[in-house]
file my_file-v8.cif (mmCIF, C-alpha atoms)
data_entry
loop_
_atom_site.group_PDB
_atom_site.id
_atom_site.type_symbol
_atom_site.label_atom_id
_atom_site.label_comp_id
_atom_site.auth_asym_id
_atom_site.auth_seq_id
_atom_site.Cartn_x
_atom_site.Cartn_y
_atom_site.Cartn_z
ATOM 1 C CA MET A 9 -10.945 31.114 -12.839
ATOM 2 C CA THR A 10 -7.802 29.136 -12.015
ATOM 3 C CA GLN A 11 -7.364 25.804 -13.732
ATOM 4 C CA PRO A 12 -7.544 22.696 -11.544
ATOM 5 C CA PRO A 13 -4.164 21.079 -10.911
ATOM 6 C CA ILE A 14 -3.123 18.273 -13.225
ATOM 7 C CA ASP A 15 -2.524 15.068 -11.299
ATOM 8 C CA GLN A 16 0.591 13.008 -11.914
ATOM 9 C CA PRO A 17 -0.168 9.446 -13.019
ATOM 10 C CA PHE A 18 0.367 6.595 -10.590
ATOM 11 C CA VAL A 19 3.000 4.439 -12.267
ATOM 12 C CA LEU A 20 4.620 1.242 -11.021
ATOM 13 C CA ALA A 21 7.138 -0.732 -13.056
ATOM 14 C CA GLY A 22 6.135 1.140 -16.198
ATOM 15 C CA LYS A 23 2.394 0.535 -15.870
ATOM 16 C CA THR A 24 -0.108 3.299 -15.113
ATOM 17 C CA TYR A 25 -2.962 2.667 -12.707
ATOM 18 C CA GLN A 26 -6.160 4.646 -12.194
ATOM 19 C CA SER A 27 -6.863 3.411 -8.658
ATOM 20 C CA ARG A 28 -4.549 4.447 -5.847
ATOM 21 C CA LEU A 29 -5.972 1.840 -3.481
ATOM 22 C CA LEU A 30 -4.150 -1.488 -3.202
ATOM 23 C CA VAL A 31 -5.819 -4.286 -1.262
ATOM 24 C CA GLY A 32 -4.890 -7.611 0.272
ATOM 25 C CA THR A 33 -6.655 -10.938 0.047
ATOM 26 C CA GLY A 34 -6.317 -12.417 3.532
ATOM 27 C CA LYS A 35 -8.654 -12.678 6.537
ATOM 28 C CA TYR A 36 -11.948 -12.838 4.637
ATOM 29 C CA ARG A 37 -14.582 -15.452 5.448
ATOM 30 C CA ASP A 38 -14.246 -17.126 2.067
ATOM 31 C CA LEU A 39 -13.155 -16.544 -1.502
ATOM 32 C CA GLU A 40 -16.542 -15.160 -2.508
ATOM 33 C CA GLU A 41 -16.367 -12.396 0.097
ATOM 34 C CA THR A 42 -12.806 -11.739 -1.056
ATOM 35 C CA ARG A 43 -14.023 -11.309 -4.623
ATOM 36 C CA GLN A 44 -16.894 -8.998 -3.679
ATOM 37 C CA ALA A 45 -14.759 -6.764 -1.448
ATOM 38 C CA ILE A 46 -12.017 -6.384 -4.022
ATOM 39 C CA GLU A 47 -14.515 -5.503 -6.726
ATOM 40 C CA ALA A 48 -16.153 -2.910 -4.444
ATOM 41 C CA SER A 49 -12.758 -1.362 -3.639
ATOM 42 C CA GLY A 50 -12.045 -0.533 -7.268
ATOM 43 C CA ALA A 51 -8.462 -1.667 -6.732
ATOM 44 C CA GLU A 52 -6.388 -2.725 -9.716
ATOM 45 C CA ILE A 53 -3.476 -4.145 -7.704
ATOM 46 C CA VAL A 54 -4.145 -7.047 -5.349
ATOM 47 C CA THR A 55 -1.429 -8.316 -3.029
ATOM 48 C CA VAL A 56 -1.133 -12.008 -2.171
ATOM 49 C CA ALA A 57 0.889 -13.683 0.586
ATOM 50 C CA VAL A 58 2.559 -16.455 -1.398
ATOM 51 C CA ARG A 59 3.444 -18.476 1.722
ATOM 52 C CA ARG A 60 -0.149 -18.445 2.971
ATOM 53 C CA THR A 61 -2.320 -18.364 -0.142
ATOM 54 C CA ASN A 62 -2.649 -20.898 -2.937
ATOM 55 C CA ILE A 63 -2.052 -19.316 -6.342
ATOM 56 C CA GLY A 64 -1.250 -22.607 -8.026
ATOM 57 C CA GLN A 65 1.497 -24.101 -5.893
ATOM 58 C CA ASN A 66 -0.941 -26.475 -4.127
ATOM 59 C CA ALA A 67 -2.708 -28.598 -6.718
ATOM 60 C CA GLY A 68 -6.235 -29.677 -5.836
ATOM 61 C CA GLU A 69 -6.844 -26.843 -3.332
ATOM 62 C CA PRO A 70 -9.011 -23.727 -3.889
ATOM 63 C CA ASN A 71 -7.002 -21.280 -5.959
ATOM 64 C CA LEU A 72 -7.317 -17.546 -5.312
ATOM 65 C CA LEU A 73 -6.661 -16.844 -8.981
ATOM 66 C CA ASP A 74 -9.964 -18.542 -9.827
ATOM 67 C CA VAL A 75 -11.804 -15.515 -8.347
ATOM 68 C CA ILE A 76 -9.102 -12.823 -8.688
ATOM 69 C CA SER A 77 -8.067 -13.126 -12.307
ATOM 70 C CA PRO A 78 -4.562 -11.993 -13.346
ATOM 71 C CA ASP A 79 -6.185 -10.852 -16.591
ATOM 72 C CA ARG A 80 -8.168 -8.248 -14.648
ATOM 73 C CA TYR A 81 -5.883 -7.430 -11.719
ATOM 74 C CA THR A 82 -2.173 -6.962 -11.222
ATOM 75 C CA ILE A 83 -1.265 -9.694 -8.765
ATOM 76 C CA LEU A 84 1.347 -8.381 -6.331
ATOM 77 C CA PRO A 85 2.988 -11.328 -4.530
ATOM 78 C CA ASN A 86 4.318 -10.474 -1.098
ATOM 79 C CA THR A 87 6.693 -12.177 1.291
ATOM 80 C CA ALA A 88 4.499 -11.943 4.407
ATOM 81 C CA GLY A 89 5.563 -14.506 6.982
ATOM 82 C CA CYS A 90 9.254 -14.319 6.082
ATOM 83 C CA HIS A 91 11.771 -13.471 8.791
ATOM 84 C CA THR A 92 15.018 -13.661 6.831
ATOM 85 C CA ALA A 93 16.331 -12.261 3.575
ATOM 86 C CA GLU A 94 16.952 -15.801 2.325
ATOM 87 C CA ASP A 95 13.314 -16.837 2.832
ATOM 88 C CA ALA A 96 12.034 -13.644 1.209
ATOM 89 C CA VAL A 97 14.214 -14.016 -1.879
ATOM 90 C CA ARG A 98 13.191 -17.663 -2.252
ATOM 91 C CA THR A 99 9.515 -16.686 -1.993
ATOM 92 C CA CYS A 100 9.871 -14.015 -4.689
ATOM 93 C CA ARG A 101 11.551 -16.488 -7.014
ATOM 94 C CA LEU A 102 8.665 -18.935 -6.477
ATOM 95 C CA ALA A 103 6.125 -16.190 -7.185
ATOM 96 C CA ARG A 104 7.905 -15.312 -10.415
ATOM 97 C CA GLU A 105 7.581 -18.923 -11.557
ATOM 98 C CA LEU A 106 3.901 -19.149 -10.593
ATOM 99 C CA LEU A 107 3.036 -15.852 -12.318
ATOM 100 C CA ASP A 108 4.702 -16.500 -15.661
ATOM 101 C CA GLY A 109 7.839 -14.513 -15.027
ATOM 102 C CA ARG A 110 6.279 -11.341 -13.647
ATOM 103 C CA THR A 111 8.786 -9.409 -11.581
ATOM 104 C CA LEU A 112 6.673 -7.016 -9.501
ATOM 105 C CA VAL A 113 6.885 -8.038 -5.819
ATOM 106 C CA LYS A 114 6.235 -6.627 -2.390
ATOM 107 C CA LEU A 115 9.135 -7.291 -0.039
ATOM 108 C CA GLU A 116 8.114 -7.742 3.585
ATOM 109 C CA ILE A 117 10.414 -9.220 6.238
ATOM 110 C CA LEU A 118 9.175 -9.304 9.823
ATOM 111 C CA ALA A 119 11.274 -8.890 12.952
ATOM 112 C CA ASP A 120 8.942 -10.815 15.266
ATOM 113 C CA ASP A 121 5.433 -12.226 15.430
ATOM 114 C CA LYS A 122 4.212 -9.938 18.241
ATOM 115 C CA THR A 123 4.632 -6.546 16.579
ATOM 116 C CA LEU A 124 5.099 -7.630 12.928
ATOM 117 C CA PHE A 125 7.528 -4.722 12.748
ATOM 118 C CA PRO A 126 9.858 -4.822 9.741
ATOM 119 C CA ASN A 127 13.362 -6.201 10.142
ATOM 120 C CA VAL A 128 15.181 -3.470 8.273
ATOM 121 C CA VAL A 129 18.576 -5.203 8.329
ATOM 122 C CA GLU A 130 17.205 -8.274 6.524
ATOM 123 C CA THR A 131 15.024 -6.065 4.321
ATOM 124 C CA LEU A 132 18.009 -4.110 3.034
ATOM 125 C CA LYS A 133 19.888 -7.352 2.339
ATOM 126 C CA ALA A 134 16.975 -8.917 0.436
ATOM 127 C CA ALA A 135 16.272 -5.716 -1.500
ATOM 128 C CA ARG A 136 19.810 -5.648 -2.883
ATOM 129 C CA THR A 137 19.573 -9.265 -4.038
ATOM 130 C CA LEU A 138 16.139 -8.889 -5.609
ATOM 131 C CA VAL A 139 17.000 -5.683 -7.466
ATOM 132 C CA ASP A 140 20.188 -7.321 -8.768
ATOM 133 C CA GLU A 141 18.049 -10.232 -10.031
ATOM 134 C CA GLY A 142 15.758 -7.924 -11.971
ATOM 135 C CA PHE A 143 12.762 -7.773 -9.653
ATOM 136 C CA ASP A 144 10.654 -4.615 -9.372
ATOM 137 C CA VAL A 145 10.626 -4.266 -5.603
ATOM 138 C CA MET A 146 8.008 -2.463 -3.567
ATOM 139 C CA VAL A 147 9.182 -2.595 0.013
ATOM 140 C CA TYR A 148 7.444 -2.572 3.403
ATOM 141 C CA THR A 149 9.608 -0.693 5.873
ATOM 142 C CA SER A 150 9.671 1.310 9.065
ATOM 143 C CA ASP A 151 8.865 5.014 9.056
ATOM 144 C CA ASP A 152 12.568 5.860 9.331
ATOM 145 C CA PRO A 153 13.417 8.414 6.603
ATOM 146 C CA ILE A 154 17.050 7.234 6.469
ATOM 147 C CA ILE A 155 16.053 3.627 5.764
ATOM 148 C CA ALA A 156 13.540 4.796 3.160
ATOM 149 C CA ARG A 157 16.297 6.803 1.476
ATOM 150 C CA GLU A 158 18.613 3.784 1.427
ATOM 151 C CA LEU A 159 15.953 1.491 -0.045
ATOM 152 C CA GLU A 160 15.341 4.002 -2.811
ATOM 153 C CA ALA A 161 19.082 4.211 -3.487
ATOM 154 C CA ILE A 162 19.252 0.406 -3.771
ATOM 155 C CA GLY A 163 16.689 0.606 -6.568
ATOM 156 C CA CYS A 164 13.336 -0.204 -4.998
ATOM 157 C CA ILE A 165 10.534 1.214 -7.155
ATOM 158 C CA ALA A 166 8.327 2.184 -4.174
ATOM 159 C CA VAL A 167 8.783 2.534 -0.430
ATOM 160 C CA MET A 168 5.916 1.522 1.844
ATOM 161 C CA PRO A 169 6.363 2.806 5.393
ATOM 162 C CA LEU A 170 3.955 1.556 8.033
ATOM 163 C CA ALA A 171 1.440 4.022 9.406
ATOM 164 C CA GLY A 172 0.868 1.789 12.422
ATOM 165 C CA LEU A 173 1.471 -1.842 13.286
ATOM 166 C CA ILE A 174 0.010 -4.376 10.864
ATOM 167 C CA GLY A 175 -3.622 -5.103 11.704
ATOM 168 C CA SER A 176 -3.714 -2.522 14.513
ATOM 169 C CA GLY A 177 -6.089 -0.030 12.905
ATOM 170 C CA LEU A 178 -4.314 2.757 14.787
ATOM 171 C CA GLY A 179 -4.020 5.052 11.791
ATOM 172 C CA ILE A 180 -0.958 7.213 11.114
ATOM 173 C CA CYS A 181 0.969 7.125 14.387
ATOM 174 C CA ASN A 182 3.915 9.264 13.308
ATOM 175 C CA PRO A 183 2.866 11.762 10.637
ATOM 176 C CA TYR A 184 6.076 13.758 11.054
ATOM 177 C CA ASN A 185 8.390 10.957 9.928
ATOM 178 C CA LEU A 186 6.031 10.187 7.066
ATOM 179 C CA LYS A 187 6.138 13.845 6.026
ATOM 180 C CA ILE A 188 9.942 13.743 5.841
ATOM 181 C CA ILE A 189 9.855 10.573 3.735
ATOM 182 C CA LEU A 190 7.364 12.192 1.375
ATOM 183 C CA GLU A 191 9.501 15.317 1.037
ATOM 184 C CA GLU A 192 12.661 13.378 0.180
ATOM 185 C CA ALA A 193 11.417 10.437 -1.900
ATOM 186 C CA ARG A 194 11.724 10.373 -5.683
ATOM 187 C CA VAL A 195 9.766 7.121 -5.950
ATOM 188 C CA PRO A 196 6.132 6.523 -4.970
ATOM 189 C CA VAL A 197 5.473 6.400 -1.228
ATOM 190 C CA LEU A 198 2.575 4.188 -0.164
ATOM 191 C CA VAL A 199 1.227 3.880 3.351
ATOM 192 C CA ASP A 200 1.236 0.207 4.275
ATOM 193 C CA ALA A 201 -0.253 -1.119 7.535
ATOM 194 C CA GLY A 202 -2.171 0.587 10.317
ATOM 195 C CA VAL A 203 -5.155 1.969 8.397
ATOM 196 C CA GLY A 204 -8.351 1.317 10.343
ATOM 197 C CA THR A 205 -11.070 3.326 8.651
ATOM 198 C CA ALA A 206 -11.756 5.618 5.729
ATOM 199 C CA SER A 207 -10.499 8.780 7.412
ATOM 200 C CA ASP A 208 -7.058 7.180 7.931
ATOM 201 C CA ALA A 209 -6.796 6.493 4.211
ATOM 202 C CA ALA A 210 -7.941 10.017 3.357
ATOM 203 C CA ILE A 211 -5.353 11.565 5.685
ATOM 204 C CA ALA A 212 -2.555 9.527 4.100
ATOM 205 C CA MET A 213 -3.598 10.727 0.664
ATOM 206 C CA GLU A 214 -4.009 14.338 1.838
ATOM 207 C CA MET A 215 -0.385 14.228 3.032
ATOM 208 C CA GLY A 216 0.732 13.386 -0.492
ATOM 209 C CA CYS A 217 1.099 9.603 -0.484
ATOM 210 C CA ALA A 218 0.922 8.079 -3.941
ATOM 211 C CA ALA A 219 -1.386 5.304 -2.758
ATOM 212 C CA VAL A 220 -2.520 3.272 0.248
ATOM 213 C CA LEU A 221 -2.354 -0.479 0.769
ATOM 214 C CA MET A 222 -4.665 -2.210 3.244
ATOM 215 C CA ASN A 223 -6.197 -5.535 4.155
ATOM 216 C CA SER A 224 -7.345 -5.771 7.775
ATOM 217 C CA ALA A 225 -9.281 -2.504 7.699
ATOM 218 C CA ILE A 226 -11.564 -3.991 5.061
ATOM 219 C CA ALA A 227 -11.545 -7.689 5.935
ATOM 220 C CA HIS A 228 -12.120 -7.103 9.670
ATOM 221 C CA ALA A 229 -14.921 -4.565 9.213
ATOM 222 C CA GLN A 230 -18.403 -5.675 10.215
ATOM 223 C CA GLN A 231 -19.420 -5.185 6.581
ATOM 224 C CA PRO A 232 -16.249 -5.739 4.503
ATOM 225 C CA VAL A 233 -17.814 -5.040 1.114
ATOM 226 C CA LEU A 234 -19.284 -1.746 2.311
ATOM 227 C CA MET A 235 -15.977 -0.765 3.935
ATOM 228 C CA ALA A 236 -14.165 -1.561 0.695
ATOM 229 C CA GLU A 237 -16.406 0.896 -1.117
ATOM 230 C CA ALA A 238 -15.834 3.491 1.610
ATOM 231 C CA MET A 239 -12.072 3.112 1.216
ATOM 232 C CA ARG A 240 -12.404 3.566 -2.525
ATOM 233 C CA HIS A 241 -14.086 6.940 -2.022
ATOM 234 C CA ALA A 242 -11.724 7.965 0.795
ATOM 235 C CA VAL A 243 -8.619 7.490 -1.337
ATOM 236 C CA ILE A 244 -10.157 9.471 -4.200
ATOM 237 C CA ALA A 245 -11.285 12.282 -1.881
ATOM 238 C CA GLY A 246 -7.926 12.411 -0.109
ATOM 239 C CA ARG A 247 -6.062 12.697 -3.392
ATOM 240 C CA GLN A 248 -8.356 15.467 -4.608
ATOM 241 C CA ALA A 249 -7.913 17.361 -1.336
ATOM 242 C CA TYR A 250 -4.133 17.073 -1.665
ATOM 243 C CA LEU A 251 -4.257 18.474 -5.185
ATOM 244 C CA ALA A 252 -6.672 21.240 -4.190
ATOM 245 C CA GLY A 253 -4.515 22.440 -1.294
ATOM 246 C CA ARG A 254 -6.191 22.891 2.047
ATOM 247 C CA MET A 255 -6.796 26.277 3.651
ATOM 248 C CA PRO A 256 -4.284 27.388 6.301
ATOM 249 C CA LYS A 257 -5.085 26.683 9.924
ATOM 250 C CA ARG A 258 -5.762 29.806 11.966
ATOM 251 C CA LEU A 259 -6.012 30.356 15.692
ATOM 252 C CA TYR A 260 -8.989 32.741 15.467
ATOM 253 C CA ALA A 261 -12.165 32.871 13.430
ATOM 254 C CA THR A 262 -12.349 34.452 9.991
ATOM 255 C CA ALA A 263 -15.741 35.494 8.653
ATOM 256 C CA SER A 264 -16.947 33.381 5.752
ATOM 257 C CA SER A 265 -18.657 36.400 4.181
ATOM 258 C CA PRO A 266 -16.918 39.728 3.451
ATOM 259 C CA LEU A 267 -17.428 42.476 6.026
ATOM 260 C CA GLN A 268 -17.166 45.313 3.494
ATOM 261 C CA GLY A 269 -20.330 46.904 2.158
ATOM 262 C CA LEU A 270 -22.620 45.747 4.978
ATOM 263 C CA ILE A 271 -26.099 47.263 4.952
#

call {"tool": "encode", "arguments": {"input": "my_file-v8.cif", "output": "structure tokens"}}
result
Amino acid sequence: MTQPPIDQPFVLAGKTYQSRLLVGTGKYRDLEETRQAIEASGAEIVTVAVRRTNIGQNAGEPNLLDVISPDRYTILPNTAGCHTAEDAVRTCRLARELLDGRTLVKLEILADDKTLFPNVVETLKAARTLVDEGFDVMVYTSDDPIIARELEAIGCIAVMPLAGLIGSGLGICNPYNLKIILEEARVPVLVDAGVGTASDAAIAMEMGCAAVLMNSAIAHAQQPVLMAEAMRHAVIAGRQAYLAGRMPKRLYATASSPLQGLI
């Protein structure tokens, strides 16, 4: 019997994680639902929009860190809502101060508010500055393999191409570009944005993505806590299917049982 394949650990900034599902904290009804959904997801990394969420910068207001403890989760500050490299760099510096000098950040710079598509020109500029300042940069980007290659060359520790527009739930709209990125990358590739349901997450993992990040797919579900659990299983199943290696697709049928030795 052949031995099952040995999985490579999922490592970011020198830390190994068991869960390959990363989740956001926005769009829930309240902090309690946020807490329950994140627990159900099994995620170990939780991303927070510093410009939209209080993690200590607004004294006297409800603090997300009261229900999502940094002692239990890796808090991944992101620059959602930024439209320029200057704003994004400033936001990362603020996050570093609020999180006791932690340097892991998710860089996200938007081109416009209608599509929320990444502004790759500003993203490249901010990535260079942040890497030079010692940040460990995970970066939201387009599904352009050339841009992904450049971000890796700059020193980003993970590239995060969109599968579909943020909050669209359209799933992986361009699997061919994603496949090229996966073939060329020497850093973890995470699908970020566009996941709508568990099968989308499983497909991303089956393609060989290191992990999947999502928020809307869970928070906008009719039952967010149940969807969070579904996503947990989908990511695990997708990774196992990738390691197992799927059967080849064939145009015609092939009998499941051998034809030799029929009675």

call {"tool": "atom_distance", "arguments": {"input": "my_file-v8.cif", "atom1": "CA of Leu159 (chain A)", "atom2": "CA of Thr131 (chain A)"}}
result
8.8 Å

call {"tool": "resolve_selection", "arguments": {"input": "my_file-v8.cif", "expression": "the PyMOL selection byres ((chain A and resi 245) around 10)", "output": "PyMOL selection string"}}
result
chain A and resi 207+209-211+213-214+239-244+246-251

call {"tool": "resolve_selection", "arguments": {"input": "my_file-v8.cif", "expression": "the PyMOL selection byres ((chain A and resi 55-68) around 8)", "output": "PyMOL selection string"}}
result
chain A and resi 30-34+53-54+69-73+83-89+99+103+106+114

call {"tool": "resolve_selection", "arguments": {"input": "my_file-v8.cif", "expression": "the PyMOL selection byres ((chain A and resi 188) around 12)", "output": "list in words"}}
result
Asp151, Asp152, Pro153, Ile154, Ile155, Ala156, Arg157, Pro169, Asn182, Pro183, Tyr184, Asn185, Leu186, Lys187, Ile189, Leu190, Glu191, Glu192, Ala193, Val197, Met215, Gly216 and Cys217 of chain A

call {"tool": "closest_residue", "arguments": {"input": "my_file-v8.cif", "among": "A:Ala227, A:Cys100, A:Val113, A:Ala238", "to": "Arg37 (chain A)", "atoms": "only C-alpha atoms"}}
result
A:Ala227

call {"tool": "decode", "arguments": {"input": "my_file-v8.cif", "residues": "region 168-182 of chain A", "atoms": "N, CA and C atoms", "output": "short mmCIF file (atom, residue, chain, number, x, y, z; two decimals), in the first residue's frame"}}
result
data_model
loop_
_atom_site.label_atom_id
_atom_site.label_comp_id
_atom_site.auth_asym_id
_atom_site.auth_seq_id
_atom_site.Cartn_x
_atom_site.Cartn_y
_atom_site.Cartn_z
N MET A 168 -2.00 37.21 -2.35
CA MET A 168 -3.41 36.87 -2.11
C MET A 168 -4.26 37.38 -3.28
N PRO A 169 -4.22 36.67 -4.40
CA PRO A 169 -5.03 37.11 -5.54
C PRO A 169 -6.51 36.92 -5.28
N LEU A 170 -7.31 37.86 -5.81
CA LEU A 170 -8.76 37.71 -5.68
C LEU A 170 -9.25 36.56 -6.55
N ALA A 171 -10.25 35.86 -6.06
CA ALA A 171 -10.94 34.86 -6.87
C ALA A 171 -12.07 35.52 -7.64
N GLY A 172 -12.73 36.47 -6.99
CA GLY A 172 -13.77 37.29 -7.57
C GLY A 172 -13.80 38.59 -6.80
N LEU A 173 -14.64 39.51 -7.20
CA LEU A 173 -14.68 40.80 -6.51
C LEU A 173 -15.08 40.62 -5.05
N ILE A 174 -14.54 41.47 -4.19
CA ILE A 174 -14.81 41.41 -2.76
C ILE A 174 -16.31 41.43 -2.50
N GLY A 175 -16.79 40.47 -1.72
CA GLY A 175 -18.20 40.43 -1.35
C GLY A 175 -19.14 39.95 -2.43
N SER A 176 -18.59 39.52 -3.59
CA SER A 176 -19.46 39.13 -4.71
C SER A 176 -19.99 37.71 -4.58
N GLY A 177 -19.23 36.83 -3.93
CA GLY A 177 -19.65 35.43 -3.84
C GLY A 177 -19.64 34.70 -5.16
N LEU A 178 -18.89 35.21 -6.14
CA LEU A 178 -18.89 34.62 -7.47
C LEU A 178 -17.99 33.40 -7.60
N GLY A 179 -17.19 33.13 -6.60
CA GLY A 179 -16.27 32.01 -6.70
C GLY A 179 -15.04 32.37 -7.52
N ILE A 180 -14.32 31.35 -7.98
CA ILE A 180 -13.08 31.58 -8.74
C ILE A 180 -13.43 31.88 -10.19
N CYS A 181 -13.31 33.16 -10.56
CA CYS A 181 -13.74 33.59 -11.89
C CYS A 181 -12.70 33.30 -12.97
N ASN A 182 -11.43 33.26 -12.60
CA ASN A 182 -10.39 33.01 -13.59
C ASN A 182 -9.41 31.96 -13.05
#
